[in-house]
file coords24.cif (mmCIF, C-alpha atoms)
data_protein
loop_
_atom_site.label_atom_id
_atom_site.label_comp_id
_atom_site.auth_asym_id
_atom_site.auth_seq_id
_atom_site.Cartn_x
_atom_site.Cartn_y
_atom_site.Cartn_z
CA MET A 1280 128.69 164.35 163.94
CA SER A 1281 132.08 165.24 162.54
CA GLU A 1282 132.31 167.36 159.40
CA PRO A 1283 133.87 165.85 156.26
CA PRO A 1284 137.48 166.88 155.65
CA ALA A 1285 137.99 169.93 153.48
CA SER A 1286 139.10 169.17 149.95
CA ARG A 1287 142.71 169.99 149.14
CA ALA A 1288 143.80 172.53 146.56
CA THR A 1289 144.82 171.14 143.17
CA ALA A 1290 147.81 171.89 140.94
CA SER A 1291 148.57 171.36 137.26
CA VAL A 1292 152.28 170.97 136.48
CA TYR A 1293 154.02 171.78 133.18
CA VAL A 1294 157.52 170.34 132.72
CA ASP A 1295 159.97 171.94 130.27
CA GLY A 1296 161.86 168.73 129.55
CA PHE A 1297 164.92 170.17 127.81
CA ASN A 1298 165.37 172.94 130.38
CA LEU A 1299 165.18 170.45 133.24
CA TYR A 1300 167.68 168.22 131.44
CA ARG A 1301 170.19 170.95 130.66
CA ARG A 1302 169.98 172.69 134.02
CA LEU A 1303 169.94 169.70 136.33
CA LEU A 1304 169.75 166.21 134.83
CA GLU A 1305 172.52 166.28 132.22
CA GLY A 1306 175.20 165.32 134.71
CA GLN A 1307 172.94 163.02 136.75
CA PRO A 1308 172.30 159.90 134.64
CA GLN A 1309 171.19 157.89 137.68
CA ASP A 1310 168.34 160.38 138.22
CA LYS A 1311 166.97 160.54 134.66
CA TRP A 1312 164.37 157.78 135.18
CA LEU A 1313 162.31 160.48 136.83
CA ASP A 1314 158.75 160.02 138.07
CA LEU A 1315 157.27 163.45 137.34
CA GLU A 1316 154.12 162.82 139.33
CA ALA A 1317 156.13 161.77 142.39
CA LEU A 1318 158.42 164.78 141.95
CA SER A 1319 155.40 167.08 141.84
CA ARG A 1320 153.93 165.52 144.98
CA HIS A 1321 157.28 165.80 146.74
CA LEU A 1322 157.72 169.49 145.93
CA LEU A 1323 154.04 170.46 146.24
CA PRO A 1324 152.91 168.45 149.27
CA GLU A 1325 150.00 170.77 150.06
CA PHE A 1326 148.39 170.11 146.65
CA ASP A 1327 146.67 167.24 144.95
CA ILE A 1328 148.36 166.91 141.56
CA LEU A 1329 145.63 167.11 138.93
CA ARG A 1330 147.91 166.50 135.94
CA VAL A 1331 151.51 166.65 134.75
CA ARG A 1332 152.22 167.71 131.18
CA TYR A 1333 155.72 166.90 129.91
CA PHE A 1334 157.09 168.80 126.91
CA THR A 1335 160.09 167.60 124.92
CA ALA A 1336 161.22 166.71 121.39
CA VAL A 1337 162.29 163.36 119.99
CA ILE A 1338 166.08 163.47 119.68
CA LYS A 1339 168.08 162.07 116.77
CA ALA A 1340 171.22 159.96 116.68
CA LEU A 1341 174.02 162.33 115.67
CA PRO A 1342 177.51 161.53 114.30
CA GLY A 1343 179.99 161.38 117.16
CA ALA A 1344 177.25 161.18 119.79
CA ASP A 1345 175.90 158.22 121.72
CA VAL A 1346 173.84 156.30 119.15
CA ASP A 1347 171.66 154.75 121.87
CA SER A 1348 170.36 158.08 123.17
CA PRO A 1349 167.13 158.04 121.08
CA GLN A 1350 166.27 154.52 122.30
CA ARG A 1351 166.71 155.57 125.92
CA GLN A 1352 164.54 158.60 125.41
CA GLN A 1353 161.82 156.46 123.81
CA ALA A 1354 161.94 154.10 126.78
CA TYR A 1355 161.48 157.04 129.14
CA ILE A 1356 158.60 158.53 127.13
CA ARG A 1357 156.92 155.14 127.14
CA ALA A 1358 157.36 154.87 130.91
CA LEU A 1359 155.89 158.33 131.42
CA ARG A 1360 152.88 157.52 129.27
CA ALA A 1361 152.15 154.58 131.55
CA GLN A 1362 151.62 156.97 134.47
CA PRO A 1363 147.97 157.84 135.21
CA ARG A 1364 148.20 161.64 135.38
CA THR A 1365 151.07 162.30 132.95
CA SER A 1366 150.76 163.30 129.29
CA VAL A 1367 153.66 163.75 126.85
CA HIS A 1368 153.67 166.54 124.27
CA LEU A 1369 156.30 166.33 121.53
CA GLY A 1370 157.95 169.13 119.57
CA ASN A 1371 160.64 168.80 116.88
CA PHE A 1372 164.40 168.32 117.08
CA ARG A 1373 166.23 170.07 114.24
CA VAL A 1374 169.78 169.65 113.01
CA ASP A 1375 171.02 172.37 110.63
CA ARG A 1376 174.34 173.26 109.05
CA ARG A 1377 175.19 176.90 109.54
CA ARG A 1378 178.19 179.11 108.93
CA MET A 1379 179.04 181.07 112.06
CA PRO A 1380 181.96 183.29 113.20
CA LEU A 1381 184.65 181.78 115.39
CA HIS A 1382 184.77 182.57 119.09
CA PRO A 1383 186.78 184.49 120.11
CA LEU A 1384 186.54 186.54 116.94
CA GLN A 1385 189.33 186.18 114.43
CA TYR A 1386 189.74 188.33 111.33
CA GLY A 1387 191.01 187.32 107.92
CA SER A 1388 193.13 189.28 105.44
CA ASP A 1389 189.96 190.96 104.19
CA ASP A 1390 189.24 192.28 107.72
CA LYS A 1391 186.09 190.14 107.92
CA PRO A 1392 185.42 187.68 110.77
CA VAL A 1393 186.64 184.16 110.06
CA SER A 1394 183.74 181.69 110.09
CA ALA A 1395 183.29 177.93 110.11
CA LEU A 1396 180.57 175.55 109.03
CA VAL A 1397 178.97 174.10 112.18
CA ARG A 1398 176.24 171.66 113.07
CA LYS A 1399 173.53 173.42 115.09
CA THR A 1400 170.98 171.38 116.99
CA GLU A 1401 167.87 172.89 118.53
CA GLU A 1402 164.54 171.85 119.91
CA LYS A 1403 161.54 173.57 118.33
CA GLY A 1404 157.96 173.90 119.41
CA SER A 1405 158.01 172.78 123.03
CA ASP A 1406 157.90 176.29 124.55
CA VAL A 1407 154.95 177.27 122.36
CA SER A 1408 153.18 174.01 123.19
CA LEU A 1409 153.76 174.45 126.92
CA ALA A 1410 152.47 178.03 126.82
CA SER A 1411 149.40 176.97 124.82
CA TYR A 1412 148.41 174.15 127.16
CA LEU A 1413 149.07 176.27 130.24
CA LEU A 1414 146.79 179.04 128.98
CA MET A 1415 144.13 176.59 127.80
CA ASP A 1416 144.01 174.88 131.20
CA ALA A 1417 144.06 178.22 133.03
CA PHE A 1418 141.19 179.50 130.85
CA ARG A 1419 139.16 176.42 131.78
CA ASP A 1420 139.94 177.04 135.48
CA GLU A 1421 140.68 173.38 136.06
CA ALA A 1422 143.13 173.75 138.97
CA ASN A 1423 143.89 176.06 141.85
CA MET A 1424 147.57 176.48 140.93
CA TYR A 1425 149.50 176.32 137.63
CA VAL A 1426 153.15 175.41 138.10
CA VAL A 1427 155.96 175.41 135.52
CA VAL A 1428 159.11 173.30 135.98
CA SER A 1429 161.67 175.44 134.16
CA ASN A 1430 164.14 178.30 134.47
CA ASP A 1431 163.34 179.60 130.97
CA SER A 1432 162.41 183.28 130.87
CA ASP A 1433 160.60 182.66 127.57
CA LEU A 1434 157.71 181.42 129.73
CA VAL A 1435 157.21 184.79 131.43
CA THR A 1436 154.44 185.88 129.05
CA PRO A 1437 152.10 182.86 129.40
CA LEU A 1438 152.56 182.86 133.18
CA ARG A 1439 151.84 186.58 133.34
CA LEU A 1440 148.71 186.16 131.21
CA ALA A 1441 147.48 183.32 133.39
CA LYS A 1442 147.91 185.53 136.46
CA GLU A 1443 146.76 188.90 135.17
CA GLU A 1444 144.12 188.00 132.58
CA PHE A 1445 142.66 184.82 134.11
CA ARG A 1446 143.40 185.65 137.77
CA ARG A 1447 145.01 182.27 138.37
CA LYS A 1448 147.70 181.41 140.90
CA ILE A 1449 151.03 180.60 139.29
CA GLY A 1450 154.24 178.96 140.48
CA VAL A 1451 157.69 177.91 139.34
CA LEU A 1452 159.72 174.88 140.34
CA SER A 1453 163.18 175.96 139.27
CA PRO A 1454 165.98 173.51 138.40
CA MET A 1455 168.41 176.24 139.52
CA GLU A 1456 169.46 177.34 142.98
CA PRO A 1457 167.63 180.54 144.05
CA LYS A 1458 170.52 182.96 143.45
CA ARG A 1459 170.88 181.69 139.84
CA ALA A 1460 167.17 181.39 139.04
CA SER A 1461 165.70 183.61 136.32
CA ASN A 1462 165.06 187.13 137.60
CA GLU A 1463 162.36 187.60 134.96
CA LEU A 1464 160.43 184.65 136.36
CA LYS A 1465 160.96 185.72 139.97
CA GLN A 1466 159.65 189.21 139.21
CA LEU A 1467 156.27 187.91 138.06
CA GLY A 1468 154.76 188.04 141.52
CA LEU A 1469 154.72 184.27 141.77
CA ASP A 1470 152.41 182.64 144.27
CA LEU A 1471 154.94 179.83 144.70
CA HIS A 1472 158.66 179.50 143.90
CA ARG A 1473 160.66 176.44 144.92
CA GLN A 1474 163.85 174.71 143.86
CA VAL A 1475 164.09 171.29 142.27
CA THR A 1476 167.00 169.71 144.15
CA ILE A 1477 169.08 166.63 143.50
CA GLU A 1478 167.58 165.15 146.66
CA ALA A 1479 164.08 165.66 145.21
CA LEU A 1480 165.09 163.88 141.99
CA ARG A 1481 166.45 160.90 143.91
CA ALA A 1482 163.26 160.68 145.98
CA ALA A 1483 161.12 160.51 142.82
CA GLN A 1484 162.37 157.67 140.63
CA LEU A 1485 160.18 155.37 138.57
CA PRO A 1486 160.25 151.61 139.22
CA ASP A 1487 163.03 149.86 137.30
CA ARG A 1488 160.39 147.89 135.37
CA ILE A 1489 157.05 149.30 134.25
CA SER A 1490 154.24 147.39 132.54
CA ASP A 1491 152.04 148.96 129.90
CA ALA A 1492 149.71 147.75 127.15
CA HIS A 1493 152.70 146.70 125.04
CA GLY A 1494 154.65 144.75 127.66
CA THR A 1495 157.46 145.88 129.98
CA VAL A 1496 159.78 148.86 129.72
CA ARG A 1497 163.01 148.93 131.77
CA ARG A 1498 165.29 151.59 133.17
CA PRO A 1499 168.31 151.95 130.80
CA GLY A 1500 171.60 150.59 132.09
CA LYS A 1501 173.54 153.84 132.47
CA TRP A 1502 170.55 155.37 134.19
CA SER A 1503 170.84 152.68 136.83
CA ARG A 1504 171.21 153.63 140.47
CA ASN A 1505 174.31 151.43 140.61
CA SER A 1506 177.42 151.70 138.46
CA GLU A 1507 176.86 148.56 136.41
CA GLY A 1508 173.13 148.65 135.77
CA PRO A 1509 170.83 145.73 135.04
CA ALA A 1510 172.35 143.10 132.79
CA GLU A 1511 169.48 143.19 130.28
CA ALA A 1512 169.72 146.94 129.65
CA GLY A 1513 171.97 148.73 127.19
CA PRO A 1514 174.41 151.59 127.74
CA SER A 1515 173.15 155.11 128.28
CA ASN A 1516 174.25 158.63 129.06
CA GLN A 1517 171.24 160.65 127.89
#

call {"tool": "encode", "arguments": {"input": "coords24.cif", "output": "structure tokens"}}
result
Amino acid sequence: MSEPPASRATASVYVDGFNLYRRLLEGQPQDKWLDLEALSRHLLPEFDILRVRYFTAVIKALPGADVDSPQRQQAYIRALRAQPRTSVHLGNFRVDRRRMPLHPLQYGSDDKPVSALVRKTEEKGSDVSLASYLLMDAFRDEANMYVVVSNDSDLVTPLRLAKEEFRRKIGVLSPMEPKRASNELKQLGLDLHRQVTIEALRAAQLPDRISDAHGTVRRPGKWSRNSEGPAEAGPSNQ
């Protein structure tokens, strides 16, 4: 009598949405309709993916920017929430006016740096939320591997705590090529370190149309895999 197959190791994946966007997706609109579960399976083929947690902030329409960006983001968040193992965790997007010195530095007649009033945008709360959920899941010992999709060295401390205090295996899927990846993350003694490539993004796209409890959500036009996009979708570059 044959023995039953051994169960596979499991992985929980934590996606730093803004870091992935800025490091890899910003110039790849056709790849932004990204299936995070499929991406995780593609890059971690030896694991069963227990969950994917996606951390981002709801963006705002800004003067001079593409006014349709928030609608495209909402469509993507809705599509992600329709996936069985994906949860979305939202931080805050802040827009502040600040006076900052010019670069390169210029000095006025009073020998003080010349400054200008600027609009500063920043995402708040996602790193703390990611760290909190990572440590909570690691404390509960729910998976065999805890993997962060990010190149942000701010995540060194929660990863180190998961490894040293909870004795969990940790990994990083970096949106940067190895020679440009964060040294602080690489020096953690990672159990797994792999690159998120453009080829991996293109192999892990959501269906163009997804049904959920509210109806159908569609891939935005400028995120289309062809230059024109579907006729029913609006323009997009974020």

call {"tool": "residues_around", "arguments": {"input": "coords24.cif", "residues": "Leu1452 of chain A", "least_positions_apart": "6", "cutoff": "9 Å", "atoms": "only C-alpha atoms", "output": "PyMOL selection string"}}
result
chain A and resi 1322+1426-1430+1471-1475

call {"tool": "resolve_selection", "arguments": {"input": "coords24.cif", "expression": "the PyMOL selection byres ((chain A and resi 1410) around 10)", "output": "PyMOL selection string"}}
result
chain A and resi 1293+1405-1409+1411-1415+1427+1433-1438+1440-1441

call {"tool": "residues_around", "arguments": {"input": "coords24.cif", "residues": "Arg1459 of chain A", "least_positions_apart": "5", "cutoff": "12 Å", "atoms": "all atoms listed in the file", "output": "list in words"}}
result
Arg1302, Asn1430, Asp1431, Ser1453, Pro1454, Leu1464, Lys1465 and Gln1474 of chain A

call {"tool": "write_last_selection", "arguments": {"input": "coords24.cif", "atoms": "C-alpha atoms", "output": "CSV table (one decimal), in the coordinates of the input"}}
result
chain,number,residue,atom,x,y,z
A,1302,ARG,CA,170.0,172.7,134.0
A,1430,ASN,CA,164.1,178.3,134.5
A,1431,ASP,CA,163.3,179.6,131.0
A,1453,SER,CA,163.2,176.0,139.3
A,1454,PRO,CA,166.0,173.5,138.4
A,1464,LEU,CA,160.4,184.6,136.4
A,1465,LYS,CA,161.0,185.7,140.0
A,1474,GLN,CA,163.8,174.7,143.9

call {"tool": "closest_residue", "arguments": {"input": "coords24.cif", "among": "A:Ala1317, A:Val1451, A:Leu1323, A:Leu1369", "to": "Thr1335 of chain A", "atoms": "all atoms listed in the file"}}
result
A:Leu1369

call {"tool": "closest_residue", "arguments": {"input": "coords24.cif", "among": "A:Asp1470, A:Arg1498, A:Gln1385, A:Pro1324", "to": "Gln1353 of chain A", "atoms": "all atoms listed in the file"}}
result
A:Arg1498

call {"tool": "resolve_selection", "arguments": {"input": "coords24.cif", "expression": "the PyMOL selection byres ((chain A and resi 1485) around 6)", "output": "compact mmCIF listing (two decimals) with C-alpha atoms, in the frame of the given file"}}
result
# COMPACT_ATOMS: atom_id res chain seq x y z
CA TRP A 1312 164.37 157.78 135.18
CA LEU A 1313 162.31 160.48 136.83
CA ASP A 1314 158.75 160.02 138.07
CA GLN A 1484 162.37 157.67 140.63
CA PRO A 1486 160.25 151.61 139.22

call {"tool": "resolve_selection", "arguments": {"input": "coords24.cif", "expression": "the PyMOL selection byres ((chain A and resi 1303) around 9)", "output": "ChimeraX atom specification"}}
result
/A:1298-1302,1304-1307,1454-1455,1475-1477

call {"tool": "atom_distance", "arguments": {"input": "coords24.cif", "atom1": "atom CA of Asp1491 of chain A", "atom2": "atom CA of Arg1357 of chain A"}}
result
8.3 Å

call {"tool": "atom_distance", "arguments": {"input": "coords24.cif", "atom1": "atom CA of Arg1447 of chain A", "atom2": "atom CA of Gly1468 of chain A"}}
result
11.8 Å

call {"tool": "closest_residue", "arguments": {"input": "coords24.cif", "among": "A:Arg1330, A:Arg1360, A:Arg1497, A:Lys1311", "to": "Met1424 of chain A", "atoms": "all atoms listed in the file"}}
result
A:Arg1330

call {"tool": "closest_residue", "arguments": {"input": "coords24.cif", "among": "A:Arg1504, A:His1321, A:His1368, A:Arg1488", "to": "Phe1334 of chain A", "atoms": "only C-alpha atoms"}}
result
A:His1368

call {"tool": "closest_residue", "arguments": {"input": "coords24.cif", "among": "A:Asn1462, A:Gln1350, A:Thr1365, A:Ser1291", "to": "Leu1329 of chain A", "atoms": "only C-alpha atoms"}}
result
A:Ser1291

call {"tool": "atom_distance", "arguments": {"input": "coords24.cif", "atom1": "atom CA of Pro1499 of chain A", "atom2": "atom CA of Tyr1355 of chain A"}}
result
8.7 Å

call {"tool": "closest_residue", "arguments": {"input": "coords24.cif", "among": "A:Ser1388, A:Ser1432, A:Thr1495, A:Ser1366", "to": "Glu1463 of chain A", "atoms": "all atoms listed in the file"}}
result
A:Ser1432

call {"tool": "residues_around", "arguments": {"input": "coords24.cif", "residues": "Val1393 of chain A", "least_positions_apart": "6", "cutoff": "12 Å", "atoms": "all atoms listed in the file", "output": "count of residues only"}}
result
10
